[in-house]
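Trainee: Structure file start27.cif (mmCIF, C-alpha atoms) right here:
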data_query
loop_
_atom_site.label_atom_id
_atom_site.label_comp_id
_atom_site.auth_asym_id
_atom_site.auth_seq_id
_atom_site.Cartn_x
_atom_site.Cartn_y
_atom_site.Cartn_z
CA MET A 1451 133.14 89.38 61.05
CA ALA A 1452 129.35 89.31 61.59
CA ARG A 1453 127.45 92.50 61.03
CA PRO A 1454 125.37 93.83 63.94
CA ASP A 1455 121.69 93.08 63.68
CA PRO A 1456 119.89 96.46 63.32
CA THR A 1457 116.62 94.90 64.49
CA ALA A 1458 118.19 93.69 67.73
CA ALA A 1459 119.88 97.04 68.26
CA ALA A 1460 116.58 98.86 67.78
CA ALA A 1461 114.82 96.51 70.18
CA SER A 1462 117.44 97.11 72.86
CA ALA A 1463 116.95 100.87 72.50
CA ILE A 1464 113.21 100.66 73.17
CA ALA A 1465 112.33 101.90 76.62
CA PRO A 1466 110.76 99.14 78.77
CA GLU A 1467 107.75 101.30 79.65
CA ALA A 1468 107.01 101.62 75.94
CA LEU A 1469 106.43 97.87 75.82
CA HIS A 1470 104.32 97.76 78.99
CA PRO A 1471 103.73 100.36 81.75
CA SER A 1472 104.66 97.80 84.42
CA LEU A 1473 108.18 97.34 83.04
CA TRP A 1474 111.20 99.40 84.06
CA LEU A 1475 114.97 99.12 84.21
CA ALA A 1476 116.51 98.18 87.55
CA SER A 1477 118.49 101.42 87.44
CA GLN A 1478 115.44 103.68 87.15
CA LEU A 1479 112.22 104.42 88.98
CA ALA A 1480 109.12 102.89 87.47
CA GLN A 1481 106.97 105.34 85.52
CA SER A 1482 103.63 104.23 86.93
CA ASN A 1483 100.39 105.04 85.14
CA GLU A 1484 98.56 104.82 88.45
CA ARG A 1485 97.28 108.03 89.98
CA CYS A 1486 99.42 109.38 92.79
CA VAL A 1487 98.97 111.96 95.53
CA ASP A 1488 101.81 114.40 96.06
CA THR A 1489 103.62 113.70 99.32
CA GLY A 1490 104.15 117.41 99.95
CA TYR A 1491 107.88 116.78 100.27
CA PRO A 1492 109.65 117.24 96.90
CA VAL A 1493 112.75 115.35 98.05
CA LEU A 1494 110.59 112.34 98.95
CA SER A 1495 108.35 112.53 95.87
CA ALA A 1496 111.46 112.42 93.70
CA GLN A 1497 112.31 109.03 95.21
CA LEU A 1498 108.89 107.45 94.60
CA PRO A 1499 107.63 105.89 91.35
CA GLY A 1500 105.02 108.19 89.87
CA GLY A 1501 106.22 111.07 92.04
CA GLY A 1502 103.93 110.52 95.04
CA TRP A 1503 101.89 108.18 97.21
CA PRO A 1504 100.27 105.55 94.94
CA ILE A 1505 96.48 105.47 94.87
CA GLY A 1506 94.66 102.16 94.63
CA SER A 1507 97.38 99.94 96.08
CA LEU A 1508 98.81 98.83 99.39
CA VAL A 1509 101.43 101.12 100.98
CA GLU A 1510 103.24 99.99 104.12
CA LEU A 1511 104.84 102.27 106.68
CA LEU A 1512 107.05 100.26 109.05
CA LEU A 1513 107.57 101.86 112.46
CA PRO A 1514 109.77 101.09 115.48
CA GLN A 1515 106.81 102.34 117.54
CA PRO A 1516 103.68 104.41 116.86
CA GLY A 1517 103.91 108.18 117.04
CA VAL A 1518 107.32 108.68 115.42
CA GLY A 1519 105.93 111.15 112.86
CA GLU A 1520 103.93 108.91 110.54
CA VAL A 1521 100.79 111.08 110.60
CA ARG A 1522 102.76 114.26 109.97
CA LEU A 1523 104.49 112.45 107.11
CA LEU A 1524 101.11 111.78 105.51
CA GLN A 1525 99.58 115.14 106.47
CA PRO A 1526 100.08 117.01 103.17
CA ALA A 1527 98.48 114.19 101.21
CA LEU A 1528 95.60 113.75 103.66
CA ALA A 1529 94.84 117.47 103.69
CA ALA A 1530 94.90 117.63 99.90
CA LEU A 1531 92.39 114.81 99.49
CA GLN A 1532 89.50 116.78 101.07
CA ARG A 1533 87.58 113.54 101.50
CA PRO A 1534 86.73 111.36 104.53
CA ILE A 1535 89.70 109.72 106.21
CA ALA A 1536 89.24 106.41 108.01
CA MET A 1537 91.57 105.59 110.90
CA LEU A 1538 91.30 101.97 112.02
CA GLN A 1539 92.71 100.92 115.39
CA PRO A 1540 95.09 103.86 115.90
CA PRO A 1541 97.26 103.38 118.98
CA HIS A 1542 95.96 106.62 120.52
CA ALA A 1543 92.70 108.51 120.31
CA PRO A 1544 92.89 111.17 117.55
CA GLN A 1545 92.92 114.71 118.92
CA ALA A 1546 90.71 117.35 117.34
CA LEU A 1547 93.12 120.25 117.92
CA ALA A 1548 96.07 118.36 116.45
CA LEU A 1549 94.04 117.39 113.37
CA ALA A 1550 92.93 120.97 112.84
CA ALA A 1551 96.54 122.15 113.17
CA LEU A 1552 97.45 119.68 110.44
CA GLY A 1553 94.79 121.08 108.14
CA ILE A 1554 92.49 118.06 108.56
CA PRO A 1555 88.99 118.96 109.80
CA PRO A 1556 87.96 116.57 112.62
CA THR A 1557 84.58 116.21 110.92
CA GLN A 1558 86.45 114.60 108.02
CA LEU A 1559 87.67 111.78 110.26
CA ILE A 1560 86.09 108.36 110.75
CA TRP A 1561 87.64 106.75 113.81
CA ILE A 1562 87.18 103.01 114.29
CA ARG A 1563 88.22 101.90 117.76
CA ASN A 1564 90.12 98.81 118.75
CA THR A 1565 87.64 96.01 119.39
CA GLY A 1566 90.35 93.59 120.42
CA LYS A 1567 89.90 91.56 117.24
CA SER A 1568 92.24 92.17 114.32
CA SER A 1569 89.79 90.35 112.06
CA ASP A 1570 87.19 93.09 112.64
CA ALA A 1571 89.61 95.84 111.65
CA LEU A 1572 90.79 93.94 108.58
CA TRP A 1573 87.17 93.29 107.57
CA ALA A 1574 86.26 96.95 108.01
CA ALA A 1575 89.28 98.14 106.03
CA GLU A 1576 88.44 95.79 103.17
CA GLN A 1577 84.81 96.98 103.06
CA ILE A 1578 85.81 100.65 103.07
CA LEU A 1579 88.34 100.11 100.29
CA ARG A 1580 85.84 98.27 98.10
CA SER A 1581 83.11 100.85 98.69
CA GLY A 1582 85.34 103.76 97.66
CA CYS A 1583 83.67 105.98 100.26
CA CYS A 1584 86.91 107.40 101.73
CA GLY A 1585 89.82 109.28 100.28
CA ALA A 1586 92.29 107.59 102.62
CA VAL A 1587 92.40 104.58 104.92
CA LEU A 1588 95.01 104.29 107.67
CA LEU A 1589 95.17 100.89 109.36
CA TRP A 1590 97.39 100.11 112.35
CA GLN A 1591 98.11 96.40 112.85
CA GLN A 1592 100.68 94.38 114.76
CA HIS A 1593 100.33 91.09 112.91
CA VAL A 1594 98.80 90.51 109.47
CA ARG A 1595 98.81 87.16 107.69
CA SER A 1596 99.92 86.95 104.09
CA GLU A 1597 96.46 86.01 102.84
CA ALA A 1598 94.98 89.03 104.62
CA LEU A 1599 97.60 91.27 102.99
CA ARG A 1600 96.63 89.94 99.56
CA ARG A 1601 92.92 90.57 100.24
CA LEU A 1602 93.64 94.13 101.35
CA HIS A 1603 95.83 94.77 98.31
CA LEU A 1604 93.13 93.46 95.96
CA ALA A 1605 90.50 95.56 97.73
CA ALA A 1606 92.68 98.65 97.37
CA GLN A 1607 93.11 97.98 93.65
CA SER A 1608 89.35 98.05 93.16
CA GLY A 1609 89.18 101.79 93.91
CA GLU A 1610 91.15 105.02 94.18
CA THR A 1611 91.88 105.28 97.88
CA LEU A 1612 95.18 106.10 99.54
CA PHE A 1613 95.66 103.01 101.70
CA CYS A 1614 98.45 102.92 104.27
CA LEU A 1615 99.09 99.96 106.54
CA LEU A 1616 101.18 100.88 109.57
CA ARG A 1617 103.09 97.88 110.97
CA PRO A 1618 106.04 97.19 113.28
CA LEU A 1619 109.48 97.62 111.79
CA ALA A 1620 110.20 93.91 112.27
CA ALA A 1621 107.64 93.14 109.54
CA ALA A 1622 110.16 94.42 106.97
CA GLN A 1623 111.60 90.89 106.93
CA ASP A 1624 108.28 89.42 105.78
CA ALA A 1625 107.11 89.22 102.17
CA SER A 1626 104.33 91.59 101.16
CA PRO A 1627 102.34 92.40 97.99
CA ALA A 1628 102.65 96.12 98.80
CA THR A 1629 103.95 98.18 95.90
CA LEU A 1630 105.70 100.55 98.32
CA ARG A 1631 107.22 99.78 101.72
CA LEU A 1632 108.98 102.48 103.73
CA SER A 1633 110.52 102.38 107.18
CA VAL A 1634 109.99 105.47 109.32
CA LYS A 1635 112.38 106.09 112.21
CA PRO A 1636 112.68 109.12 114.50
CA ALA A 1637 115.66 111.39 114.00
CA ALA A 1638 116.74 114.70 115.51
CA GLY A 1639 114.44 117.31 114.00
CA GLY A 1640 112.51 114.90 111.82
CA ILE A 1641 112.45 111.33 110.54
CA ASP A 1642 114.65 108.97 108.56
CA ILE A 1643 112.86 107.15 105.73
CA GLY A 1644 114.23 103.83 104.54
CA PHE A 1645 113.22 102.33 101.19
CA VAL A 1646 112.43 98.71 101.97
CA LYS A 1647 110.61 98.13 98.69
CA ARG A 1648 109.86 100.31 95.69
CA ARG A 1649 109.61 99.83 91.96
CA GLY A 1650 113.07 101.09 91.20
CA PRO A 1651 116.72 100.83 92.23
CA GLN A 1652 117.71 99.85 95.72
CA ARG A 1653 118.60 102.73 98.01
CA ASP A 1654 120.61 101.85 101.09
CA ALA A 1655 120.98 105.31 102.61
CA PRO A 1656 117.93 106.63 104.48
CA LEU A 1657 116.30 109.88 103.43
CA PHE A 1658 116.04 112.52 106.16
CA LEU A 1659 112.88 114.63 106.27
CA PRO A 1660 112.66 117.53 108.72
CA LEU A 1661 109.43 117.57 110.72
CA THR A 1662 109.16 120.49 113.09
CA PRO A 1663 106.17 120.11 115.44
CA SER A 1664 104.01 123.15 115.95
CA LEU A 1665 102.95 124.41 119.36
CA LEU A 1666 99.48 122.99 118.79
CA GLN A 1667 100.87 119.56 117.99
CA ARG A 1668 103.04 119.51 121.08
CA HIS A 1669 100.02 120.25 123.29
CA ALA A 1670 97.52 118.15 121.36
CA PRO A 1671 97.07 115.52 124.14
CA LEU A 1672 95.49 118.26 126.31
CA ASP A 1673 92.74 118.86 123.79
CA ARG A 1674 89.40 117.11 123.66
CA PRO A 1675 89.32 113.88 121.62
CA ALA A 1676 87.97 113.71 118.11
CA PRO A 1677 84.39 112.46 117.58
CA ALA A 1678 83.55 109.14 119.21
CA PRO A 1679 84.75 106.02 117.40
CA ALA A 1680 82.49 103.63 115.55
CA PRO A 1681 82.51 99.85 116.05
CA ALA A 1682 84.12 98.18 113.06
CA ARG A 1683 81.19 96.03 111.94
CA SER A 1684 78.63 98.84 112.27
CA LEU A 1685 80.57 101.16 109.95
CA LEU A 1686 79.71 100.10 106.42
CA PRO A 1687 75.92 100.72 106.45
CA ALA A 1688 76.48 104.25 107.76
CA LEU A 1689 79.00 104.97 105.02
CA VAL A 1690 77.12 103.65 102.03
CA GLY A 1691 73.50 103.71 103.22
#
Please, can you express the file's structure as structure tokens?

Mentor:
Amino acid sequence: MARPDPTAAAASAIAPEALHPSLWLASQLAQSNERCVDTGYPVLSAQLPGGGWPIGSLVELLLPQPGVGEVRLLQPALAALQRPIAMLQPPHAPQALALAALGIPPTQLIWIRNTGKSSDALWAAEQILRSGCCGAVLLWQQHVRSEALRRLHLAAQSGETLFCLLRPLAAAQDASPATLRLSVKPAAGGIDIGFVKRRGPQRDAPLFLPLTPSLLQRHAPLDRPAPAPAPARSLLPALVG
């Protein structure tokens, strides 16, 4: 009977992350060395590699339609950054009262309006990410080609910005270089979060997060809009000049 090889046994006992930080077992969440921002929801943070929203990478939020709670989902992280926040092509004009109720000063917001050309928004997002001038970039897009996704992901990796791409739920079927992809669906009293892609084990059951709107948020559309938007291709000089 052959004796067990102690060298092989020792090698099998070595944790994957000890060999390289990008390695992990399929049954465990990756222990990322990348900086993360706390989600503000302990139950959600516990399901994410690194314990929060990854900084310096592409994060996708997949929505059945805009306005299902995606901004409130990101609110704790955005408020904690205390840096400029760029919103590119949001489906509705940001409201100053709603932002203030969320703890985000309207003066902290850079709103880039829809010019009708997705290429302009993608260009602006890439320039902002590479410049590192904002703490967070939120980009709403209906259709993004794979090569554009790769460019955005590479641009995000060049800095330390929280970058979230908000896309239709149907895009979950498409391949993406994003390190984290979550579906966000409305539910009674909150939202259901599905884990489309994460560095860790597959989770089939959605995670329910309660999101109770405040009185200010419910009446936000009656408030004056946030500061006027900036055209996409006129943004960069103002940010870095």

Trainee: Report as JSON lines: every residue of stretch 1483-1504 of chain A with an atom at most 12 Å from stretch 1597-1619 of chain A, its closest pair of atoms, and their distance in Å to one decimal, counting only C-alpha atoms, with rows sorted by chain and ascending residue number.

Mentor:
{"residue": "A:Glu1484", "atom": "CA", "partner": "A:Glu1610", "partner_atom": "CA", "distance": 9.4}
{"residue": "A:Arg1485", "atom": "CA", "partner": "A:Glu1610", "partner_atom": "CA", "distance": 8.0}
{"residue": "A:Cys1486", "atom": "CA", "partner": "A:Leu1612", "partner_atom": "CA", "distance": 8.6}
{"residue": "A:Val1487", "atom": "CA", "partner": "A:Leu1612", "partner_atom": "CA", "distance": 8.0}
{"residue": "A:Asp1488", "atom": "CA", "partner": "A:Leu1612", "partner_atom": "CA", "distance": 11.2}
{"residue": "A:Thr1489", "atom": "CA", "partner": "A:Leu1612", "partner_atom": "CA", "distance": 11.4}
{"residue": "A:Gly1502", "atom": "CA", "partner": "A:Leu1612", "partner_atom": "CA", "distance": 10.8}
{"residue": "A:Trp1503", "atom": "CA", "partner": "A:Leu1612", "partner_atom": "CA", "distance": 7.4}
{"residue": "A:Pro1504", "atom": "CA", "partner": "A:Leu1612", "partner_atom": "CA", "distance": 6.9}

Trainee: A:Arg1533: which residues within 7 Å, counting all atoms listed in the file, same-chain residues fewer than 6 positions away excluded, as a PDB file with C-alpha atoms, keeping the file's coordinate frame?

Mentor:
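Saved to selection.pdb:
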ATOM      1  CA  GLN A1558      86.450 114.600 108.020  1.00  0.00           C
ATOM      2  CA  CYS A1584      86.910 107.400 101.730  1.00  0.00           C
ATOM      3  CA  GLY A1585      89.820 109.280 100.280  1.00  0.00           C
TER       4      GLY A1585
END

Trainee: Take the PyMOL selection byres ((chain A and resi 1629) around 8), run it mentally on this structure, and tell me the resulting residues as a PyMOL selection string.

Mentor: chain A and resi 1507-1509+1627-1628+1630-1631+1647-1649

Trainee: If I take atom CA of A:Ser1596 and atom CA of A:Asp1624, how far is one from the other in Å, to one decimal?

Mentor: 8.9 Å

Trainee: Could you please determine the separation between atom CA of A:Leu1513 and atom CA of A:Val1634 in Å, to one decimal place?

Mentor: 5.4 Å

Trainee: For the structure provided, state which residues fall under the PyMOL selection byres ((chain A and resi 1578) around 9), and present them as a list in words.

Mentor: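 When the PyMOL selection byres ((chain A and resi 1578) around 9) is applied to the shown file, the picked residues are Ala1536, Trp1573, Ala1574, Ala1575, Glu1576, Gln1577, Leu1579, Arg1580, Ser1581, Gly1582, Cys1583, Cys1584, Val1587, Ala1605, Leu1685, Leu1686 and Leu1689 of chain A.
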
Trainee: One decimal, Å: what's the distance from atom CA of A:Gln1539 over to atom CA of A:Ser1569, could you say?

Mentor: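 Pair atom CA of A:Gln1539 / atom CA of A:Ser1569 returns 11.5 Å.
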
Trainee: When distances are computed from all atoms listed in the file, which of A:Arg1653, A:Ala1586, A:Pro1526, A:Leu1661 shows the smallest separation from A:Pro1636?

Mentor: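 The shortest atom-to-atom distance to A:Pro1636 comes from A:Leu1661.
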
Trainee: Nearest residue to A:Gln1652 out of A:Tyr1491, A:Gln1592, A:Ile1560, A:Gln1497, using all atoms listed in the file?

Mentor: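 Selected residue with least distance to A:Gln1652: A:Gln1497.
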
Trainee: Please provide as a PDB file with C-alpha atoms, in the frame of the given file all residues within 12 Å of stretch 1654-1659 of chain A, with the sequence filter that same-chain residues fewer than 2 positions apart are discarded (counting only C-alpha atoms).

Mentor:
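Result file follows (selection.pdb):
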ATOM      1  CA  THR A1489     103.620 113.700  99.320  1.00  0.00           C
ATOM      2  CA  GLY A1490     104.150 117.410  99.950  1.00  0.00           C
ATOM      3  CA  TYR A1491     107.880 116.780 100.270  1.00  0.00           C
ATOM      4  CA  PRO A1492     109.650 117.240  96.900  1.00  0.00           C
ATOM      5  CA  VAL A1493     112.750 115.350  98.050  1.00  0.00           C
ATOM      6  CA  LEU A1494     110.590 112.340  98.950  1.00  0.00           C
ATOM      7  CA  SER A1495     108.350 112.530  95.870  1.00  0.00           C
ATOM      8  CA  ALA A1496     111.460 112.420  93.700  1.00  0.00           C
ATOM      9  CA  GLN A1497     112.310 109.030  95.210  1.00  0.00           C
ATOM     10  CA  LEU A1498     108.890 107.450  94.600  1.00  0.00           C
ATOM     11  CA  GLY A1519     105.930 111.150 112.860  1.00  0.00           C
ATOM     12  CA  GLU A1520     103.930 108.910 110.540  1.00  0.00           C
ATOM     13  CA  ARG A1522     102.760 114.260 109.970  1.00  0.00           C
ATOM     14  CA  LEU A1523     104.490 112.450 107.110  1.00  0.00           C
ATOM     15  CA  LEU A1632     108.980 102.480 103.730  1.00  0.00           C
ATOM     16  CA  SER A1633     110.520 102.380 107.180  1.00  0.00           C
ATOM     17  CA  VAL A1634     109.990 105.470 109.320  1.00  0.00           C
ATOM     18  CA  LYS A1635     112.380 106.090 112.210  1.00  0.00           C
ATOM     19  CA  PRO A1636     112.680 109.120 114.500  1.00  0.00           C
ATOM     20  CA  ALA A1637     115.660 111.390 114.000  1.00  0.00           C
ATOM     21  CA  ALA A1638     116.740 114.700 115.510  1.00  0.00           C
ATOM     22  CA  GLY A1639     114.440 117.310 114.000  1.00  0.00           C
ATOM     23  CA  GLY A1640     112.510 114.900 111.820  1.00  0.00           C
ATOM     24  CA  ILE A1641     112.450 111.330 110.540  1.00  0.00           C
ATOM     25  CA  ASP A1642     114.650 108.970 108.560  1.00  0.00           C
ATOM     26  CA  ILE A1643     112.860 107.150 105.730  1.00  0.00           C
ATOM     27  CA  GLY A1644     114.230 103.830 104.540  1.00  0.00           C
ATOM     28  CA  PHE A1645     113.220 102.330 101.190  1.00  0.00           C
ATOM     29  CA  VAL A1646     112.430  98.710 101.970  1.00  0.00           C
ATOM     30  CA  LYS A1647     110.610  98.130  98.690  1.00  0.00           C
ATOM     31  CA  PRO A1651     116.720 100.830  92.230  1.00  0.00           C
ATOM     32  CA  GLN A1652     117.710  99.850  95.720  1.00  0.00           C
ATOM     33  CA  LEU A1661     109.430 117.570 110.720  1.00  0.00           C
ATOM     34  CA  THR A1662     109.160 120.490 113.090  1.00  0.00           C
TER      35      THR A1662
END

Trainee: Using only C-alpha atoms, which of A:Leu1528, A:Leu1589, A:Val1521, A:Ile1505 sits nearest A:Ala1548?

Mentor: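 The answer is A:Val1521, which sits nearest to A:Ala1548.
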